[in-house]
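Raw contents of query_20.cif, mmCIF, C-alpha atoms:
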```cif
data_work
#
loop_
_atom_site.group_PDB
_atom_site.id
_atom_site.type_symbol
_atom_site.label_atom_id
_atom_site.label_comp_id
_atom_site.auth_asym_id
_atom_site.auth_seq_id
_atom_site.Cartn_x
_atom_site.Cartn_y
_atom_site.Cartn_z
ATOM 1 C CA MET R 16 0.000 0.000 0.000
ATOM 2 C CA ILE R 17 1.415 3.395 -0.974
ATOM 3 C CA SER R 18 0.595 6.443 1.086
ATOM 4 C CA ALA R 19 0.300 10.059 -0.099
ATOM 5 C CA SER R 20 3.906 10.771 0.863
ATOM 6 C CA GLY R 21 5.131 8.188 -1.614
ATOM 7 C CA ARG R 22 6.495 5.826 1.021
ATOM 8 C CA ARG R 23 5.346 2.337 1.386
ATOM 9 C CA ARG R 24 3.489 1.605 4.636
ATOM 10 C CA ARG R 25 4.671 -1.358 6.625
ATOM 11 C CA THR R 26 2.038 -3.791 7.711
ATOM 12 C CA PRO R 27 2.537 -4.944 11.265
ATOM 13 C CA SER R 28 3.756 -8.458 11.578
ATOM 14 C CA LEU R 29 1.432 -11.176 12.737
ATOM 15 C CA LEU R 30 3.391 -11.674 15.959
ATOM 16 C CA ARG R 31 3.311 -7.979 16.815
ATOM 17 C CA THR R 32 -0.406 -7.828 16.117
ATOM 18 C CA ARG R 33 -1.077 -10.811 18.337
ATOM 19 C CA ILE R 34 1.026 -9.369 21.167
ATOM 20 C CA LEU R 35 -0.817 -6.043 20.959
ATOM 21 C CA GLN R 36 -4.183 -7.796 20.984
ATOM 22 C CA TRP R 37 -3.065 -9.914 23.931
ATOM 23 C CA MET R 38 -2.041 -6.815 25.885
ATOM 24 C CA ARG R 39 -5.161 -4.784 25.097
ATOM 25 C CA GLY R 40 -8.086 -7.066 25.740
ATOM 26 C CA PRO R 41 -8.867 -8.941 28.944
ATOM 27 C CA THR R 42 -8.687 -12.525 27.786
ATOM 28 C CA PHE R 43 -8.906 -15.666 29.847
ATOM 29 C CA ALA R 44 -5.675 -17.062 28.366
ATOM 30 C CA ARG R 45 -3.783 -13.904 29.317
ATOM 31 C CA ASP R 46 -5.101 -14.026 32.877
ATOM 32 C CA ILE R 47 -4.122 -17.673 33.267
ATOM 33 C CA ALA R 48 -0.657 -17.041 31.814
ATOM 34 C CA LEU R 49 -0.147 -14.082 34.137
ATOM 35 C CA VAL R 50 -1.235 -16.046 37.229
ATOM 36 C CA LEU R 51 1.019 -18.975 36.294
ATOM 37 C CA ALA R 52 3.987 -16.664 35.783
ATOM 38 C CA ILE R 53 3.422 -15.018 39.178
ATOM 39 C CA LYS R 54 3.074 -18.427 40.853
ATOM 40 C CA LEU R 55 6.297 -19.622 39.256
ATOM 41 C CA VAL R 56 8.176 -16.553 40.498
ATOM 42 C CA LEU R 57 6.784 -16.970 44.033
ATOM 43 C CA LEU R 58 7.560 -20.691 44.143
ATOM 44 C CA MET R 59 11.120 -20.114 42.975
ATOM 45 C CA ALA R 60 11.549 -17.391 45.624
ATOM 46 C CA LEU R 61 10.267 -19.764 48.338
ATOM 47 C CA LYS R 62 12.537 -22.552 47.123
ATOM 48 C CA TYR R 63 15.544 -20.293 47.174
ATOM 49 C CA ALA R 64 14.687 -18.818 50.570
ATOM 50 C CA PHE R 65 13.901 -22.038 52.431
ATOM 51 C CA PHE R 66 15.111 -25.125 50.559
ATOM 52 C CA ASN R 67 18.291 -24.210 48.691
ATOM 53 C CA HIS R 68 20.762 -24.392 51.565
ATOM 54 C CA PRO R 69 20.915 -26.654 54.622
ATOM 55 C CA GLN R 70 20.137 -25.146 58.013
ATOM 56 C CA ALA R 71 23.550 -25.997 59.455
ATOM 57 C CA ASP R 72 26.928 -26.974 58.051
ATOM 58 C CA ASP R 73 26.826 -30.409 59.677
ATOM 59 C CA MET R 74 23.593 -31.283 57.842
ATOM 60 C CA ASN R 75 25.387 -32.074 54.584
ATOM 61 C CA MET R 76 25.333 -35.734 53.583
ATOM 62 C CA PRO R 77 26.614 -37.417 50.457
ATOM 63 C CA PRO R 78 23.798 -38.117 47.982
ATOM 64 C CA ALA R 79 24.616 -41.849 47.957
ATOM 65 C CA ALA R 80 24.031 -42.096 51.723
ATOM 66 C CA VAL R 81 20.724 -40.244 51.433
ATOM 67 C CA ALA R 82 19.591 -42.486 48.574
ATOM 68 C CA GLN R 83 20.475 -45.593 50.514
ATOM 69 C CA ALA R 84 18.636 -44.416 53.607
ATOM 70 C CA ILE R 85 15.526 -43.622 51.586
ATOM 71 C CA LEU R 86 15.501 -46.609 49.248
ATOM 72 C CA ALA R 87 16.811 -49.365 51.541
ATOM 73 C CA VAL R 88 14.382 -52.060 52.614
ATOM 74 C CA PRO R 89 14.439 -52.461 56.387
ATOM 75 C CA ALA R 90 15.510 -55.874 57.656
ATOM 76 C CA PRO R 91 12.617 -57.854 59.094
ATOM 77 C CA SER R 92 12.754 -57.922 62.860
ATOM 78 C CA ALA R 93 12.476 -61.179 64.790
ATOM 79 C CA PRO R 94 8.968 -61.795 66.128
ATOM 80 C CA GLN R 95 8.668 -60.841 69.769
ATOM 81 C CA PRO R 96 7.507 -63.581 72.146
ATOM 82 C CA SER R 97 3.976 -62.905 73.232
ATOM 83 C CA THR R 98 3.660 -61.939 76.889
ATOM 84 C CA ALA R 99 -0.107 -61.532 76.757
ATOM 85 C CA ARG R 100 -2.300 -64.166 78.334
ATOM 86 C CA PRO R 101 -4.501 -66.233 76.059
ATOM 87 C CA GLN R 102 -8.007 -64.910 75.651
ATOM 88 C CA GLU R 103 -10.535 -66.293 78.068
ATOM 89 C CA THR R 104 -14.120 -66.924 77.144
ATOM 90 C CA PRO R 105 -16.874 -65.480 79.370
ATOM 91 C CA SER R 106 -17.717 -68.928 80.720
ATOM 92 C CA GLN R 107 -14.128 -69.427 81.874
ATOM 93 C CA ARG R 108 -14.186 -66.138 83.810
ATOM 94 C CA GLY R 109 -17.379 -67.081 85.567
ATOM 95 C CA GLU R 110 -19.431 -64.228 84.161
ATOM 96 C CA ARG R 111 -23.166 -64.737 84.206
ATOM 97 C CA HIS R 112 -25.434 -63.552 81.428
ATOM 98 C CA ALA R 113 -29.076 -62.557 81.556
ATOM 99 C CA HIS R 114 -30.204 -65.692 79.720
ATOM 100 C CA ASP R 115 -28.394 -68.091 82.072
#
```

For this file, produce the structure as structure tokens.
Amino acid sequence: MISASGRRRRTPSLLRTRILQWMRGPTFARDIALVLAIKLVLLMALKYAFFNHPQADDMNMPPAAVAQAILAVPAPSAPQPSTARPQETPSQRGERHAHD
């Protein structure tokens, strides 16, 4: 398209047009993208603030030791001898019931 000044007018690129439309109108996709971006920033800030470094210097462990502690199957313990008395029935205890 040629304007009155003799220069050719540039048509905005498709990407630029889409970005301008995205910024102008309140769209659901834009709101979701904005909320997700804010959540990502907040989660990364929390991770850095609380989970990036150990609390004390002596809390460092080699990754192999941590993996073994987490993934190891505990050895079965020997069954404990029962110290409880065998269950008695009501007739053995001498209890009387209403129908007796």

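Counting from atom CA of Gln36 of chain R, the distance to atom CA of Ala52 of chain R is 19.1 Å.
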
| note | atom CA of Ala90 of chain R to atom CA of Pro78 of chain R measures 21.9 Å

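For the pair atom CA of Leu35 of chain R and atom CA of Leu57 of chain R, the separation is 26.6 Å.
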
Fix up segment 75-93 of chain R with N, CA and C atoms, then write it as a short mmCIF file (atom, residue, chain, number, x, y, z; two decimals), in the coordinates of the input.
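In the end it all went to rebuild23.cif:
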```
data_model
loop_
_atom_site.label_atom_id
_atom_site.label_comp_id
_atom_site.auth_asym_id
_atom_site.auth_seq_id
_atom_site.Cartn_x
_atom_site.Cartn_y
_atom_site.Cartn_z
N ASN R 75 25.05 -31.60 55.92
CA ASN R 75 25.39 -32.07 54.58
C ASN R 75 25.69 -33.56 54.62
N MET R 76 25.08 -34.30 53.71
CA MET R 76 25.33 -35.73 53.58
C MET R 76 25.59 -36.04 52.12
N PRO R 77 26.41 -37.04 51.85
CA PRO R 77 26.61 -37.42 50.46
C PRO R 77 25.31 -37.96 49.86
N PRO R 78 25.05 -37.66 48.61
CA PRO R 78 23.80 -38.12 47.98
C PRO R 78 23.64 -39.63 48.01
N ALA R 79 24.73 -40.38 47.93
CA ALA R 79 24.62 -41.85 47.96
C ALA R 79 24.08 -42.33 49.31
N ALA R 80 24.51 -41.70 50.39
CA ALA R 80 24.03 -42.10 51.72
C ALA R 80 22.55 -41.76 51.89
N VAL R 81 22.14 -40.63 51.36
CA VAL R 81 20.72 -40.24 51.43
C VAL R 81 19.89 -41.22 50.62
N ALA R 82 20.34 -41.55 49.42
CA ALA R 82 19.59 -42.49 48.57
C ALA R 82 19.48 -43.84 49.24
N GLN R 83 20.54 -44.28 49.87
CA GLN R 83 20.48 -45.59 50.51
C GLN R 83 19.53 -45.59 51.70
N ALA R 84 19.53 -44.51 52.45
CA ALA R 84 18.64 -44.42 53.61
C ALA R 84 17.18 -44.37 53.17
N ILE R 85 16.91 -43.74 52.05
CA ILE R 85 15.53 -43.62 51.59
C ILE R 85 15.06 -44.90 50.90
N LEU R 86 15.92 -45.49 50.08
CA LEU R 86 15.50 -46.61 49.25
C LEU R 86 15.76 -47.98 49.86
N ALA R 87 16.49 -48.06 50.96
CA ALA R 87 16.81 -49.36 51.54
C ALA R 87 15.57 -50.00 52.16
N VAL R 88 15.48 -51.30 52.02
CA VAL R 88 14.38 -52.06 52.61
C VAL R 88 14.82 -52.45 54.02
N PRO R 89 14.02 -52.11 55.03
CA PRO R 89 14.44 -52.46 56.39
C PRO R 89 14.45 -53.97 56.59
N ALA R 90 15.41 -54.44 57.37
CA ALA R 90 15.51 -55.87 57.66
C ALA R 90 14.34 -56.28 58.54
N PRO R 91 13.75 -57.43 58.26
CA PRO R 91 12.62 -57.85 59.09
C PRO R 91 13.11 -58.16 60.51
N SER R 92 12.36 -57.69 61.47
CA SER R 92 12.75 -57.92 62.86
C SER R 92 12.21 -59.27 63.31
N ALA R 93 12.91 -59.88 64.27
CA ALA R 93 12.48 -61.18 64.79
C ALA R 93 11.16 -60.99 65.54
#
```
